[in-house]
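Asks: Before I ask anything, let me first share the structure, which is written out below as structure tokens.
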Amino acid sequence: MRTFDLTPLYRSAIGFDRLASLLEQRGEPSYPPYNIELVSEDNYRIVMALAGFSRDEVEIVTERDTLHVTGRKQKDETQRTYLHRGIAARDFEQRFQLANHVKVTAASFDNGMLTIELVREVPEAFKPRKIAIADAHVGAAQGNTGNVQALEQREAA
């Protein structure tokens with residue numbers, strides 16, 4: 001198992017303590033295998049290999065900031081004698097921690113591959129905004145908020 005030293009992240013970032021601890025807890029991926037892709041700046045894709053599962057045996061649920069993907073294999077009544085069993089057709093539950101403002105937009109199942117599309121939709125109130133730096137006596141006279149409002153008004157115009 002690989003381990004990563006995230007100490008530099010703790011020293012140089014403010015507010016990312018939770019992110020770093022989540023990465024440390026995650027460890028190696030388990031069954032079933034999956035990929036997480038960055039499609040574009042705010043679009044992501046999770047692709048899971050679910051050999052032996054049908055669409056009816058898989059459930060996707062989002063709850064707050066967690067995505068749950070669960071597979072419950074229906075019991076096969078046929079008695080089989082395996083010489084080699086390499087296809088793991090067992091139940092699974094996979095959880096993904098979603099960042100703020102990330103939402104599931106679509107899911108599809110084709111040829112044993114489950115694809116989940118995600119998008120990050122950051123509200124305008126949370127998007128970065130540029131703050132103008134005013135002279136000390138001007139900022140005090142405006143209560144240190146006048147330069148922010150004036151800059152936002154100029155950008156809107």
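The chains in the structure tokens are called A, B, ... from first to last as shown; in each chain the residues are counted from 1, and the ligands are counted from 1 in the order shown.
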Which residues come within 12 Å of A:Glu63, counting only C-alpha atoms, excluding same-chain residues fewer than 3 positions away, as a list in words?

Replies: Ile60, Thr66, Leu67, His68, Val69, Arg95, Phe96, Gln97, Leu98, Val102, Lys103 and Val104 of chain A

Asks: Just how far from atom CA of A:Asn43 is atom CA of A:Leu118, in Å to one decimal?

Replies: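 Pair atom CA of A:Leu118 / atom CA of A:Asn43 returns 5.8 Å.
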
Asks: Which is closest to A:Pro33 among A:Phe92, A:Thr81, A:Arg45, A:Gln74, if we use only C-alpha atoms?

Replies: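 Answer, going by the shortest atom-to-atom distance: A:Phe92.
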
Asks: Find the distance between atom CA of A:Ile116 and atom CA of A:Ile46 and write it in Å to one decimal.

Replies: 5.1 Å
